[in-house]
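Participant: If it helps, the file is called structure_17.cif and holds mmCIF, C-alpha atoms:
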data_query
#
loop_
_atom_site.label_atom_id
_atom_site.label_comp_id
_atom_site.auth_asym_id
_atom_site.auth_seq_id
_atom_site.Cartn_x
_atom_site.Cartn_y
_atom_site.Cartn_z
CA MET A 18 155.57 -20.51 -65.39
CA THR A 19 154.31 -24.08 -65.45
CA ALA A 20 156.52 -24.80 -68.42
CA THR A 21 159.51 -23.41 -66.60
CA LEU A 22 158.86 -25.66 -63.58
CA VAL A 23 158.47 -28.67 -65.80
CA LYS A 24 161.71 -27.83 -67.56
CA GLU A 25 163.60 -27.47 -64.30
CA THR A 26 162.28 -30.70 -62.82
CA SER A 27 162.88 -32.69 -65.95
CA SER A 28 166.64 -31.87 -66.19
CA PRO A 29 168.37 -32.56 -62.79
CA PRO A 30 172.24 -32.43 -62.51
CA PRO A 31 173.87 -35.64 -63.75
CA ALA A 32 174.59 -38.21 -60.94
CA PRO A 33 178.25 -39.32 -60.42
CA ASP A 34 179.28 -42.48 -62.14
CA ALA A 35 179.58 -44.99 -59.27
CA ASP A 36 181.27 -47.62 -61.42
CA ARG A 37 183.91 -45.18 -62.60
CA THR A 38 184.61 -44.11 -59.04
CA ARG A 39 185.05 -47.71 -57.92
CA ARG A 40 187.42 -48.38 -60.84
CA LEU A 41 189.54 -45.36 -59.93
CA ARG A 42 189.73 -46.48 -56.31
CA ARG A 43 190.66 -50.02 -57.32
CA ARG A 44 193.32 -48.68 -59.66
CA GLY A 45 194.70 -46.45 -56.88
CA ARG A 46 194.91 -49.42 -54.51
CA THR A 47 196.67 -51.48 -57.16
CA VAL A 48 199.23 -48.75 -57.85
CA ALA A 49 199.82 -48.28 -54.10
CA LEU A 50 200.26 -52.04 -53.68
CA LEU A 51 202.78 -52.15 -56.52
CA PHE A 52 204.80 -49.41 -54.84
CA VAL A 53 204.60 -51.13 -51.44
CA LEU A 54 205.25 -54.64 -52.81
CA PRO A 55 209.10 -54.43 -52.76
CA ALA A 56 209.02 -53.28 -49.17
CA LEU A 57 206.58 -56.05 -48.25
CA LEU A 58 208.79 -58.65 -49.94
CA LEU A 59 211.82 -57.41 -48.02
CA LEU A 60 209.82 -57.34 -44.79
CA GLY A 61 208.65 -60.88 -45.36
CA ALA A 62 212.13 -62.15 -46.29
CA LEU A 63 214.03 -60.37 -43.53
CA VAL A 64 211.50 -60.30 -40.67
CA VAL A 65 208.43 -62.49 -41.06
CA TYR A 66 210.14 -65.60 -42.45
CA PRO A 67 213.02 -65.59 -39.87
CA VAL A 68 210.50 -65.14 -37.04
CA LEU A 69 208.32 -68.03 -38.22
CA PHE A 70 211.35 -70.21 -38.93
CA SER A 71 212.80 -69.52 -35.45
CA ILE A 72 209.50 -70.38 -33.79
CA GLY A 73 209.37 -73.68 -35.66
CA ARG A 74 213.08 -74.41 -35.10
CA SER A 75 212.67 -73.92 -31.35
CA PHE A 76 210.65 -77.18 -31.19
CA PHE A 77 213.48 -79.31 -32.61
CA ASP A 78 216.75 -80.57 -31.15
CA ALA A 79 220.26 -79.28 -31.89
CA SER A 80 220.50 -81.20 -35.15
CA GLY A 81 217.09 -79.97 -36.31
CA THR A 82 215.84 -83.47 -37.17
CA THR A 83 214.06 -84.58 -33.99
CA PHE A 84 210.92 -82.90 -32.70
CA VAL A 85 211.31 -82.26 -28.95
CA GLY A 86 208.27 -80.09 -28.26
CA GLY A 87 208.77 -77.67 -25.38
CA ASP A 88 211.99 -79.29 -24.09
CA ASN A 89 214.10 -76.37 -25.30
CA TYR A 90 211.94 -73.94 -23.35
CA THR A 91 212.19 -75.97 -20.14
CA GLU A 92 215.93 -76.44 -20.65
CA MET A 93 216.28 -72.70 -21.18
CA PHE A 94 215.10 -71.95 -17.65
CA ARG A 95 217.17 -74.72 -16.10
CA ASP A 96 220.43 -73.43 -17.56
CA PRO A 97 222.33 -71.20 -15.03
CA ALA A 98 223.87 -69.16 -17.87
CA THR A 99 220.43 -68.38 -19.28
CA LEU A 100 219.11 -67.39 -15.86
CA LYS A 101 222.09 -65.08 -15.47
CA ALA A 102 221.34 -63.60 -18.90
CA VAL A 103 217.73 -62.97 -17.84
CA ARG A 104 218.95 -61.31 -14.64
CA ASN A 105 221.40 -59.09 -16.50
CA THR A 106 218.74 -58.18 -19.06
CA ALA A 107 216.44 -57.16 -16.21
CA ILE A 108 219.21 -54.96 -14.79
CA TRP A 109 219.64 -53.34 -18.19
CA VAL A 110 215.88 -52.74 -18.57
CA VAL A 111 215.54 -51.22 -15.10
CA VAL A 112 218.72 -49.12 -14.98
CA ALA A 113 219.67 -47.96 -18.48
CA PRO A 114 216.35 -46.46 -19.74
CA ALA A 115 215.66 -44.75 -16.41
CA LEU A 116 219.13 -43.19 -16.28
CA LEU A 117 219.02 -42.15 -19.92
CA THR A 118 215.57 -40.59 -19.60
CA GLY A 119 216.60 -38.72 -16.46
CA LEU A 120 219.88 -37.52 -17.97
CA GLY A 121 218.16 -36.50 -21.19
CA LEU A 122 215.53 -34.53 -19.28
CA ILE A 123 218.09 -32.71 -17.11
CA LEU A 124 220.37 -31.92 -20.05
CA ALA A 125 217.46 -30.78 -22.24
CA VAL A 126 216.33 -28.34 -19.54
CA LEU A 127 219.85 -27.07 -18.85
CA VAL A 128 220.77 -26.70 -22.53
CA GLU A 129 217.99 -24.18 -22.95
CA LYS A 130 219.78 -21.91 -20.53
CA VAL A 131 223.25 -21.93 -22.14
CA ARG A 132 224.39 -19.65 -24.91
CA TRP A 133 225.88 -22.24 -27.24
CA ALA A 134 222.94 -24.64 -27.02
CA THR A 135 223.24 -25.95 -30.59
CA ALA A 136 226.95 -26.71 -30.26
CA PHE A 137 226.35 -28.43 -26.94
CA LYS A 138 223.57 -30.60 -28.42
CA LEU A 139 225.79 -31.49 -31.36
CA LEU A 140 228.61 -32.48 -29.03
CA LEU A 141 226.36 -34.78 -27.01
CA PHE A 142 224.69 -36.25 -30.08
CA MET A 143 227.97 -37.06 -31.87
CA PRO A 144 228.42 -40.50 -30.20
CA MET A 145 225.26 -41.61 -32.03
CA ALA A 146 227.30 -41.41 -35.24
CA VAL A 147 229.78 -43.96 -33.85
CA SER A 148 228.94 -47.59 -34.53
CA PHE A 149 228.48 -49.93 -31.58
CA LEU A 150 231.50 -51.90 -32.77
CA ALA A 151 233.75 -48.84 -32.69
CA ALA A 152 232.26 -47.68 -29.37
CA GLY A 153 232.89 -51.11 -27.88
CA ILE A 154 236.54 -51.05 -28.95
CA ILE A 155 236.95 -47.51 -27.56
CA PHE A 156 235.55 -48.47 -24.16
CA ARG A 157 237.39 -51.79 -24.09
CA LEU A 158 240.60 -49.75 -24.25
CA ALA A 159 239.31 -47.10 -21.82
CA TYR A 160 238.44 -49.80 -19.24
CA ASP A 161 241.79 -51.62 -19.59
CA GLU A 162 243.19 -52.49 -16.18
CA ASP A 163 246.73 -51.48 -17.15
CA PRO A 164 247.10 -47.76 -16.24
CA ASP A 165 249.48 -47.36 -19.19
CA LYS A 166 246.62 -48.31 -21.56
CA GLY A 167 243.31 -47.65 -19.82
CA VAL A 168 242.54 -43.94 -19.49
CA LEU A 169 240.14 -44.48 -16.58
CA ASN A 170 242.65 -46.42 -14.50
CA ALA A 171 245.35 -43.90 -15.42
CA ALA A 172 243.17 -41.17 -13.89
CA VAL A 173 242.28 -43.31 -10.84
CA VAL A 174 245.93 -44.22 -10.20
CA SER A 175 247.01 -40.59 -10.55
CA VAL A 176 244.45 -39.45 -7.98
CA HIS A 177 245.34 -42.32 -5.65
CA ASP A 178 249.06 -41.67 -5.82
CA ALA A 179 248.47 -37.96 -5.14
CA PHE A 180 247.01 -38.80 -1.72
CA ALA A 181 248.78 -42.04 -0.85
CA ASP A 182 252.47 -42.92 -0.75
CA ARG A 183 253.63 -45.19 -3.52
CA SER A 184 256.01 -48.02 -2.76
CA THR A 185 259.53 -47.27 -3.98
CA TYR A 186 260.84 -50.78 -4.64
CA PRO A 187 257.94 -53.24 -5.17
CA THR A 188 260.19 -55.96 -6.62
CA ALA A 189 263.05 -55.70 -4.10
CA ARG A 190 263.90 -58.62 -1.82
CA ALA A 191 266.70 -59.73 0.49
CA ARG A 192 269.16 -62.52 -0.22
CA ASP A 193 268.77 -65.60 1.94
CA GLY A 194 271.37 -65.87 4.67
CA GLN A 195 272.61 -62.29 4.34
CA GLY A 196 271.37 -60.94 7.69
CA LEU A 197 267.77 -60.03 6.84
CA THR A 198 264.66 -62.02 7.77
CA LYS A 199 261.32 -61.57 6.04
CA GLY A 200 258.25 -61.05 8.23
CA LYS A 201 254.71 -62.28 7.59
CA ASP A 202 253.61 -58.77 6.60
CA GLY A 203 256.30 -58.52 3.90
CA SER A 204 258.76 -56.42 5.91
CA TYR A 205 262.45 -57.27 6.47
CA ARG A 206 264.34 -57.01 9.75
CA THR A 207 267.90 -57.69 10.84
CA SER A 208 268.49 -61.18 12.21
CA ALA A 209 271.01 -59.99 14.84
CA SER A 210 270.36 -57.33 17.47
CA LEU A 211 272.21 -54.05 17.14
CA SER A 212 273.31 -51.45 19.68
CA PRO A 213 274.11 -47.71 19.48
CA GLY A 214 277.55 -47.32 17.95
CA ASP A 215 277.00 -50.14 15.46
CA ALA A 216 276.84 -49.89 11.66
CA VAL A 217 274.84 -52.21 9.42
CA ALA A 218 274.70 -52.80 5.67
CA LEU A 219 271.36 -54.04 4.33
CA GLY A 220 271.73 -55.51 0.87
CA LEU A 221 268.71 -56.08 -1.40
CA VAL A 222 268.31 -57.57 -4.86
CA GLY A 223 265.50 -57.78 -7.41
CA VAL A 224 265.76 -54.15 -8.58
CA ARG A 225 266.93 -53.39 -12.09
CA PRO A 226 269.61 -50.69 -12.19
CA ALA A 227 267.50 -48.90 -14.81
CA ASP A 228 264.62 -48.65 -12.28
CA LEU A 229 266.70 -46.89 -9.62
CA PRO A 230 265.74 -43.27 -8.86
CA GLY A 231 267.69 -40.71 -10.84
CA ASP A 232 269.40 -39.33 -7.70
CA ALA A 233 270.80 -42.73 -6.59
CA ARG A 234 274.50 -42.58 -5.67
CA PRO A 235 277.16 -45.25 -4.93
CA ALA A 236 276.82 -46.71 -1.44
CA SER A 237 280.51 -47.38 -0.82
CA GLY A 238 281.16 -43.96 0.78
CA ALA A 239 278.30 -44.33 3.24
CA ALA A 240 279.40 -47.81 4.26
CA GLY A 241 282.75 -46.53 5.58
CA ARG A 242 281.37 -43.90 7.96
CA LYS A 243 281.77 -44.51 11.69
CA PRO A 244 278.72 -43.96 13.92
CA ALA A 245 278.78 -41.99 17.17
CA ALA A 246 278.33 -43.68 20.55
CA ASP A 247 274.58 -42.91 20.72
CA GLU A 248 274.02 -43.41 17.03
CA LEU A 249 272.98 -46.38 14.91
CA ARG A 250 274.08 -45.94 11.35
CA GLY A 251 273.68 -48.04 8.22
CA VAL A 252 273.21 -48.20 4.47
CA VAL A 253 270.58 -49.87 2.26
CA TYR A 254 272.07 -50.79 -1.08
CA LEU A 255 271.55 -52.86 -4.21
CA ASP A 256 273.69 -55.93 -3.70
CA PHE A 257 274.39 -56.29 -7.39
CA THR A 258 277.33 -55.12 -9.46
CA PRO A 259 276.47 -54.27 -13.10
CA GLY A 260 278.59 -56.34 -15.46
CA GLY A 261 279.37 -58.98 -12.82
CA GLY A 262 281.94 -59.22 -10.06
CA GLY A 263 281.63 -58.05 -6.50
CA GLU A 264 280.98 -60.02 -3.32
CA GLN A 265 277.56 -60.87 -1.94
CA GLY A 266 276.77 -59.23 1.41
CA ARG A 267 279.46 -56.59 0.99
CA VAL A 268 279.18 -53.03 -0.34
CA ASP A 269 281.35 -52.90 -3.45
CA ALA A 270 282.58 -49.73 -5.12
CA ARG A 271 280.16 -49.92 -8.07
CA GLU A 272 277.04 -50.84 -6.11
CA SER A 273 274.36 -48.20 -5.72
CA GLY A 274 272.51 -47.10 -2.63
CA LEU A 275 268.71 -47.31 -2.50
CA PRO A 276 267.35 -43.82 -1.75
CA GLN A 277 263.88 -43.04 -0.36
CA MET A 278 263.74 -46.31 1.57
CA LYS A 279 261.94 -46.13 4.94
CA VAL A 280 263.91 -47.61 7.83
CA GLU A 281 262.80 -48.10 11.45
CA ALA A 282 264.62 -48.85 14.70
CA VAL A 283 262.53 -51.27 16.79
CA ARG A 284 263.00 -52.06 20.47
CA GLY A 285 260.73 -54.34 22.48
CA GLY A 286 258.30 -54.59 19.57
CA GLU A 287 257.83 -50.81 19.34
CA THR A 288 259.26 -48.42 16.77
CA VAL A 289 261.44 -45.88 18.58
CA ALA A 290 262.97 -44.10 15.58
CA SER A 291 262.49 -43.90 11.85
CA ALA A 292 264.46 -42.47 8.94
CA THR A 293 264.50 -42.29 5.16
CA THR A 294 267.60 -43.26 3.24
CA ALA A 295 269.59 -40.57 1.43
CA ALA A 296 270.75 -40.66 -2.19
CA ASP A 297 273.59 -43.04 -1.29
CA GLY A 298 271.26 -45.29 0.74
CA SER A 299 272.61 -44.13 4.10
CA PHE A 300 270.49 -43.65 7.25
CA ARG A 301 271.13 -43.02 10.92
CA PHE A 302 269.25 -42.96 14.21
CA GLU A 303 270.56 -40.42 16.69
CA GLY A 304 270.15 -40.14 20.45
CA LEU A 305 269.37 -43.78 21.08
CA GLU A 306 269.46 -45.13 24.61
CA PRO A 307 271.74 -48.10 25.35
CA GLY A 308 270.13 -51.46 24.57
CA SER A 309 269.37 -53.90 21.79
CA TYR A 310 267.61 -52.77 18.61
CA THR A 311 266.35 -54.33 15.43
CA VAL A 312 266.52 -52.42 12.16
CA THR A 313 263.38 -52.98 10.06
CA LEU A 314 262.52 -52.20 6.47
CA PRO A 315 258.67 -51.79 6.60
CA SER A 316 256.47 -53.64 4.13
CA ALA A 317 255.37 -50.31 2.62
CA ASN A 318 258.73 -50.21 0.81
CA PHE A 319 257.85 -53.39 -1.09
CA ALA A 320 254.09 -53.10 -1.55
CA PRO A 321 252.96 -53.60 -5.16
CA PRO A 322 251.88 -50.38 -6.86
CA TYR A 323 248.20 -49.49 -6.97
CA GLU A 324 246.85 -50.70 -10.30
CA GLY A 325 243.44 -49.05 -10.23
CA VAL A 326 239.96 -50.54 -10.51
CA SER A 327 239.09 -53.79 -12.26
CA TRP A 328 236.37 -52.23 -14.41
CA LEU A 329 235.87 -55.38 -16.46
CA GLY A 330 235.95 -57.78 -13.53
CA PRO A 331 232.93 -59.95 -12.65
CA ALA A 332 231.53 -57.37 -10.21
CA LEU A 333 231.69 -54.24 -12.39
CA VAL A 334 231.51 -55.47 -15.97
CA THR A 335 227.74 -54.92 -16.38
CA PRO A 336 227.75 -51.38 -14.89
CA ALA A 337 230.80 -50.58 -17.03
CA ILE A 338 229.02 -51.64 -20.22
CA ILE A 339 225.91 -49.72 -19.21
CA GLY A 340 228.17 -46.67 -18.81
CA ALA A 341 229.32 -47.07 -22.41
CA TYR A 342 225.70 -47.38 -23.52
CA LEU A 343 224.84 -44.14 -21.68
CA TRP A 344 227.65 -42.34 -23.50
CA ILE A 345 226.14 -43.32 -26.85
CA TRP A 346 222.43 -42.75 -26.20
CA THR A 347 222.32 -39.73 -23.87
CA GLY A 348 222.33 -37.35 -26.85
CA PHE A 349 219.40 -39.22 -28.41
CA ALA A 350 217.27 -38.86 -25.28
CA MET A 351 218.28 -35.21 -24.85
CA VAL A 352 217.33 -34.26 -28.42
CA LEU A 353 213.91 -35.97 -28.30
CA ILE A 354 213.04 -34.51 -24.91
CA GLY A 355 214.37 -31.12 -26.02
CA ALA A 356 212.01 -31.23 -29.01
CA GLY A 357 209.12 -31.86 -26.67
CA LEU A 358 210.32 -29.12 -24.35
CA SER A 359 210.26 -26.59 -27.18
CA THR A 360 206.51 -27.19 -27.67
CA LEU A 361 205.54 -26.42 -24.06
CA PRO A 362 203.30 -23.36 -23.60
CA ARG A 363 205.59 -20.58 -22.47
CA ASP A 364 202.74 -18.59 -20.99
CA ALA A 365 202.20 -21.28 -18.34
CA LEU A 366 205.87 -21.17 -17.36
CA GLU A 367 205.94 -17.38 -17.24
CA ALA A 368 202.72 -17.27 -15.22
CA ALA A 369 204.25 -19.65 -12.68
CA ARG A 370 207.35 -17.46 -12.41
CA MET A 371 205.21 -14.35 -11.92
CA ASP A 372 203.32 -16.16 -9.14
CA GLY A 373 206.64 -16.67 -7.33
CA ALA A 374 207.33 -20.31 -8.16
CA SER A 375 210.96 -21.37 -8.02
CA GLU A 376 212.68 -23.04 -10.94
CA TRP A 377 212.60 -26.37 -9.11
CA GLN A 378 208.86 -26.05 -8.53
CA ILE A 379 208.29 -25.16 -12.19
CA PHE A 380 210.38 -28.13 -13.26
CA ARG A 381 208.64 -30.59 -10.92
CA ARG A 382 205.04 -29.40 -11.16
CA ILE A 383 204.78 -28.02 -14.72
CA THR A 384 207.62 -29.14 -16.98
CA VAL A 385 207.69 -32.83 -16.05
CA PRO A 386 203.89 -33.37 -16.12
CA LEU A 387 203.59 -31.67 -19.51
CA LEU A 388 206.50 -33.71 -20.85
CA ALA A 389 205.08 -37.01 -19.54
CA PRO A 390 203.98 -38.28 -23.01
CA VAL A 391 207.40 -37.54 -24.51
CA LEU A 392 209.22 -39.08 -21.54
CA THR A 393 207.09 -42.22 -21.85
CA VAL A 394 207.88 -42.60 -25.56
CA VAL A 395 211.62 -42.12 -24.92
CA PHE A 396 211.57 -44.59 -22.03
CA ILE A 397 209.69 -47.31 -23.93
CA THR A 398 211.89 -46.85 -27.01
CA LEU A 399 215.00 -47.30 -24.87
CA VAL A 400 213.49 -50.35 -23.15
CA ILE A 401 213.00 -51.99 -26.55
CA ASN A 402 216.55 -51.06 -27.51
CA VAL A 403 218.28 -52.39 -24.40
CA MET A 404 216.43 -55.70 -24.56
CA LYS A 405 218.30 -56.54 -27.77
CA VAL A 406 221.67 -55.00 -26.92
CA PHE A 407 224.43 -57.25 -28.23
CA ASP A 408 227.42 -55.43 -29.72
CA LEU A 409 228.65 -53.63 -26.62
CA VAL A 410 228.34 -56.66 -24.36
CA TYR A 411 230.08 -58.98 -26.79
CA ILE A 412 232.96 -56.59 -27.56
CA ILE A 413 233.65 -54.96 -24.18
CA ALA A 414 233.36 -57.98 -21.88
CA PRO A 415 236.59 -60.06 -21.91
CA GLY A 416 236.35 -63.79 -22.47
CA PRO A 417 236.72 -64.85 -18.80
CA VAL A 418 233.81 -62.62 -17.70
CA GLN A 419 231.66 -63.00 -20.82
CA GLU A 420 229.24 -65.19 -18.90
CA ASP A 421 229.00 -62.65 -16.05
CA ALA A 422 228.00 -59.89 -18.50
CA THR A 423 225.84 -61.94 -20.87
CA VAL A 424 222.33 -60.79 -21.80
CA LEU A 425 219.64 -62.62 -23.76
CA ALA A 426 220.92 -61.48 -27.15
CA THR A 427 224.52 -62.55 -26.50
CA GLN A 428 223.40 -65.78 -24.85
CA MET A 429 221.27 -66.58 -27.91
CA TRP A 430 224.32 -66.08 -30.16
CA LEU A 431 226.67 -68.04 -27.90
CA VAL A 432 224.27 -70.98 -27.63
CA SER A 433 223.60 -71.03 -31.39
CA PHE A 434 226.97 -70.17 -32.94
CA GLY A 435 229.53 -69.38 -30.23
CA GLY A 436 230.47 -72.95 -29.41
CA GLY A 437 227.16 -74.40 -28.25
CA ASN A 438 225.94 -75.18 -31.79
CA ASN A 439 222.42 -75.75 -30.49
CA GLN A 440 220.18 -73.76 -32.79
CA GLY A 441 217.09 -75.30 -31.19
CA LEU A 442 217.86 -73.80 -27.78
CA GLY A 443 219.10 -70.61 -29.43
CA SER A 444 215.82 -70.28 -31.32
CA ALA A 445 213.91 -70.70 -28.06
CA LEU A 446 215.95 -67.85 -26.59
CA GLY A 447 215.14 -65.75 -29.65
CA VAL A 448 211.42 -66.43 -29.21
CA LEU A 449 211.68 -65.45 -25.54
CA LEU A 450 213.37 -62.20 -26.53
CA LEU A 451 210.64 -61.55 -29.11
CA LEU A 452 207.91 -62.14 -26.51
CA LEU A 453 209.57 -59.66 -24.17
CA VAL A 454 209.94 -56.97 -26.84
CA VAL A 455 206.47 -57.25 -28.43
CA PRO A 456 204.45 -55.81 -25.48
CA ALA A 457 206.65 -52.71 -25.37
CA MET A 458 206.33 -52.27 -29.14
CA VAL A 459 202.52 -52.64 -28.99
CA PHE A 460 202.33 -50.10 -26.17
CA ASN A 461 204.44 -47.62 -28.16
CA VAL A 462 202.35 -48.04 -31.33
CA ARG A 463 199.06 -47.61 -29.48
CA ARG A 464 200.31 -44.53 -27.73
CA PHE A 465 201.46 -43.09 -31.06
CA ARG A 466 198.07 -43.72 -32.66
CA ARG A 467 196.30 -42.19 -29.67
CA SER A 468 198.43 -39.05 -29.94
CA GLN A 469 197.67 -38.84 -33.68
CA ARG A 470 193.93 -38.81 -32.96
#
If you took the structure in this file and wrote it as structure tokens, what would it be?

Facilitator:
Amino acid sequence: MTATLVKETSSPPPAPDADRTRRLRRRGRTVALLFVLPALLLLGALVVYPVLFSIGRSFFDASGTTFVGGDNYTEMFRDPATLKAVRNTAIWVVVAPALLTGLGLILAVLVEKVRWATAFKLLLFMPMAVSFLAAGIIFRLAYDEDPDKGVLNAAVVSVHDAFADRSTYPTARARDGQGLTKGKDGSYRTSASLSPGDAVALGLVGVRPADLPGDARPASGAAGRKPAADELRGVVYLDFTPGGGGEQGRVDARESGLPQMKVEAVRGGETVASATTAADGSFRFEGLEPGSYTVTLPSANFAPPYEGVSWLGPALVTPAIIGAYLWIWTGFAMVLIGAGLSTLPRDALEAARMDGASEWQIFRRITVPLLAPVLTVVFITLVINVMKVFDLVYIIAPGPVQEDATVLATQMWLVSFGGGNNQGLGSALGVLLLLLVVPAMVFNVRRFRRSQR
């Protein structure tokens, strides 16, 4: 027995070779470094070096030869264009991520309740496949002020014209010295007073024959009709003979009447009768009392047509571009929040429904609190993204309002390469943009690491 114990104690299991283990670990690190080295070289060439170069360049003047210290940074905050870029960037940071996160949350919740959820998600996510350049061109056309080009203004004008009367002859005007006087409001009235039993011919020019309504008829027949004793009769016509000829101020055989023209009989400053011209331009006021009258063509006949909304004007250009950004990124927010929504414990939701909670209460008190980490990640990611938005602003905003829509990224490009040719000031703007983005990136990384633990 003693021999057995001696034998067992004299032959313990062999200890691991520490040197061999260290060599294997060192070899593994070397192999990993060799695999990572190309990526590190690219990262250094495309990220680290440009950042360090921009920081150094920001302390030199426009030519890059004279050291100016912090002058570029002080100049940056004295420049009104830069201050406007900072203001617009702040609007983007406050409005766009909040709207996108809210829309993504609402759509993610609603999509769960529709039958074709996958198709709906695909439809909303498709704009992410469109480049910002293409999206900017699309929305530049959609926001065009001309209703014949811009789809938004075409819709706005159609709705407006459905509820408001459209002027019939916006380019029409009266000849000087032909019996019509123009008022301050754009209306025309007869220079001489008229009485019941009189007839008047009101000639206008400035209307192309091709623009006349399709039911327009020659005015010569209406001009020869005799009014009754208590009737004031007249004709509104185009005082222009196609092909030449004719006499100004007189209704010729080939001259057309102007239908759908509003005409009023005014006495003592008050309108006592009104009429609309027929296809041949004729009108009449019946049952008038004896006295002097003035025939008036109201300004509504000559008002310029409604052209819609100036989407890309100084007041609306930033909200319009944010709208284009929402169109692109709403699907992204919806998909990420929908992924988080799919991981929620269903038993908690069902228990709340069994306890009598409404869908709104479940959404507000259970769904949103449980989705808070996902919503925070989506919001911070979008904040980082909107801080460096460039393509949409540069493409959608027309030249005259480029300064009204500018953000830090576009201002940096304009100062450096868009005519300013001051790379020192542009580099200072780039450093400012970097300083604004870094805290959001650090917050996102820390939150990610915390969730991994």

Participant: Hey, which of A:Leu211, A:Asp96, A:Pro276, A:Thr106 ends up closest to Val432 in chain A? Count all atoms listed in the file.

Facilitator: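 Checking each candidate against Val432 in chain A, we get A:Asp96 as the closest.
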
Participant: Would you mind telling me which residue in A:Met429, A:Ala172, A:Val253, A:Ala209 lies nearest to Val222 in chain A when using only C-alpha atoms?

Facilitator: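 Of A:Met429, A:Ala172, A:Val253, A:Ala209, the one nearest Val222 in chain A, counting only C-alpha atoms, is A:Val253.
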
Participant: What does the PyMOL selection byres ((chain A and resi 384) around 10) select in this file, as JSON, numbers by chain?

Facilitator: {"A": [122, 126, 358, 361, 362, 365, 366, 376, 377, 378, 379, 380, 381, 382, 383, 385, 386, 387, 388, 389]}

Participant: Which value, in Å to one decimal, gives the distance between CA of Leu305 in chain A and CA of Ser210 in chain A?

Facilitator: 14.1 Å

Participant: Provide the CA of Ser148 in chain A to CA of Val391 in chain A distance in Å, to one decimal place.

Facilitator: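 A separation of 25.8 Å between them.
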
Participant: Excluding Glu420 in chain A and any residue of its chain fewer than 2 positions from it, enumerate the residues within 9 Å of it, using all atoms listed in the file, and give them as a ChimeraX atom specification.

Facilitator: /A:98,101-102,331,414,416-418,422-424,428

Participant: Give me, please, the distance in Å between CA of Ala320 in chain A and CA of Ala239 in chain A, quoted to one decimal.

Facilitator: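 It comes out at 26.2 Å.
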
Participant: Skip range 437-439 of chain A itself and residues of its chain fewer than 6 positions away, then list as a list in words all residues within 8 Å of it, counting only C-alpha atoms.

Facilitator: Asp78, Ala79, Ser80 and Leu431 of chain A

Participant: Within 8 Å of (262.9, -56.5, 9.8) (file coordinates; all atoms listed in the file), which protein or nucleic acid residues are there? I'd like them as a PyMOL selection string.

Facilitator: chain A and resi 197-200+204-208+311-315

Participant: Check the smallest atom-to-atom distance from each of A:Tyr310, A:Tyr90, A:Trp344, A:Phe84 to Val283 in chain A using all atoms listed in the file, then report the winner.

Facilitator: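 Smallest separation from Val283 in chain A among the options: A:Tyr310.
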
Participant: Determine the nearest neighbour of Ala295 in chain A from the options A:Pro213, A:Gly340, A:Gly355, A:Pro230, counting only C-alpha atoms.

Facilitator: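 Checking each of A:Pro213, A:Gly340, A:Gly355, A:Pro230 against Ala295 in chain A, counting only C-alpha atoms, the winner is A:Pro230.
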
Participant: Do you know which residues lie at most 10 Å from (276.0, -52.0, -1.5), with coordinates as in the file and all atoms listed in the file counted, and could you write them as an MDAnalysis selection string?

Facilitator: chainID A and resid 218:221 235:240 252:258 263:275 297:298

Participant: Edge lengths and centre in Å to one decimal, as JSON, is what I'm after for the box along x, y and z that holds all listed atoms of range 72-80 of chain A once 5 Å is added on each side.

Facilitator:
{"center_x": 214.9, "center_y": -75.8, "center_z": -33.4, "size_x": 21.1, "size_y": 20.8, "size_z": 14.5}

Participant: Translate the PyMOL selection byres ((chain A and resi 70) around 12), as applied to the file shown, into an explicit residue set as a VMD selection string.

Facilitator: chain A and resid 61 to 69 71 to 77 81 440 to 441 444 to 445 447 to 448

Participant: Please rebuild range 395-400 of chain A with N, CA, C and O atoms and give the result as a PDB file, keeping the file's coordinate frame.

Facilitator:
ATOM      1  N   VAL A 395     210.160 -41.940 -24.995  1.00  0.00           N
ATOM      2  CA  VAL A 395     211.620 -42.120 -24.920  1.00  0.00           C
ATOM      3  C   VAL A 395     211.947 -43.338 -24.077  1.00  0.00           C
ATOM      4  O   VAL A 395     212.790 -44.170 -24.447  1.00  0.00           O
ATOM      5  N   PHE A 396     211.291 -43.473 -22.933  1.00  0.00           N
ATOM      6  CA  PHE A 396     211.570 -44.590 -22.030  1.00  0.00           C
ATOM      7  C   PHE A 396     211.251 -45.924 -22.689  1.00  0.00           C
ATOM      8  O   PHE A 396     212.070 -46.857 -22.655  1.00  0.00           O
ATOM      9  N   ILE A 397     210.076 -46.044 -23.302  1.00  0.00           N
ATOM     10  CA  ILE A 397     209.690 -47.310 -23.930  1.00  0.00           C
ATOM     11  C   ILE A 397     210.606 -47.636 -25.108  1.00  0.00           C
ATOM     12  O   ILE A 397     210.993 -48.797 -25.314  1.00  0.00           O
ATOM     13  N   THR A 398     210.975 -46.618 -25.882  1.00  0.00           N
ATOM     14  CA  THR A 398     211.890 -46.850 -27.010  1.00  0.00           C
ATOM     15  C   THR A 398     213.235 -47.389 -26.511  1.00  0.00           C
ATOM     16  O   THR A 398     213.808 -48.322 -27.103  1.00  0.00           O
ATOM     17  N   LEU A 399     213.728 -46.834 -25.429  1.00  0.00           N
ATOM     18  CA  LEU A 399     215.000 -47.300 -24.870  1.00  0.00           C
ATOM     19  C   LEU A 399     214.872 -48.693 -24.266  1.00  0.00           C
ATOM     20  O   LEU A 399     215.816 -49.487 -24.322  1.00  0.00           O
ATOM     21  N   VAL A 400     213.709 -48.998 -23.680  1.00  0.00           N
ATOM     22  CA  VAL A 400     213.490 -50.350 -23.150  1.00  0.00           C
ATOM     23  C   VAL A 400     213.590 -51.370 -24.274  1.00  0.00           C
ATOM     24  O   VAL A 400     214.243 -52.420 -24.143  1.00  0.00           O
TER      25      VAL A 400
END
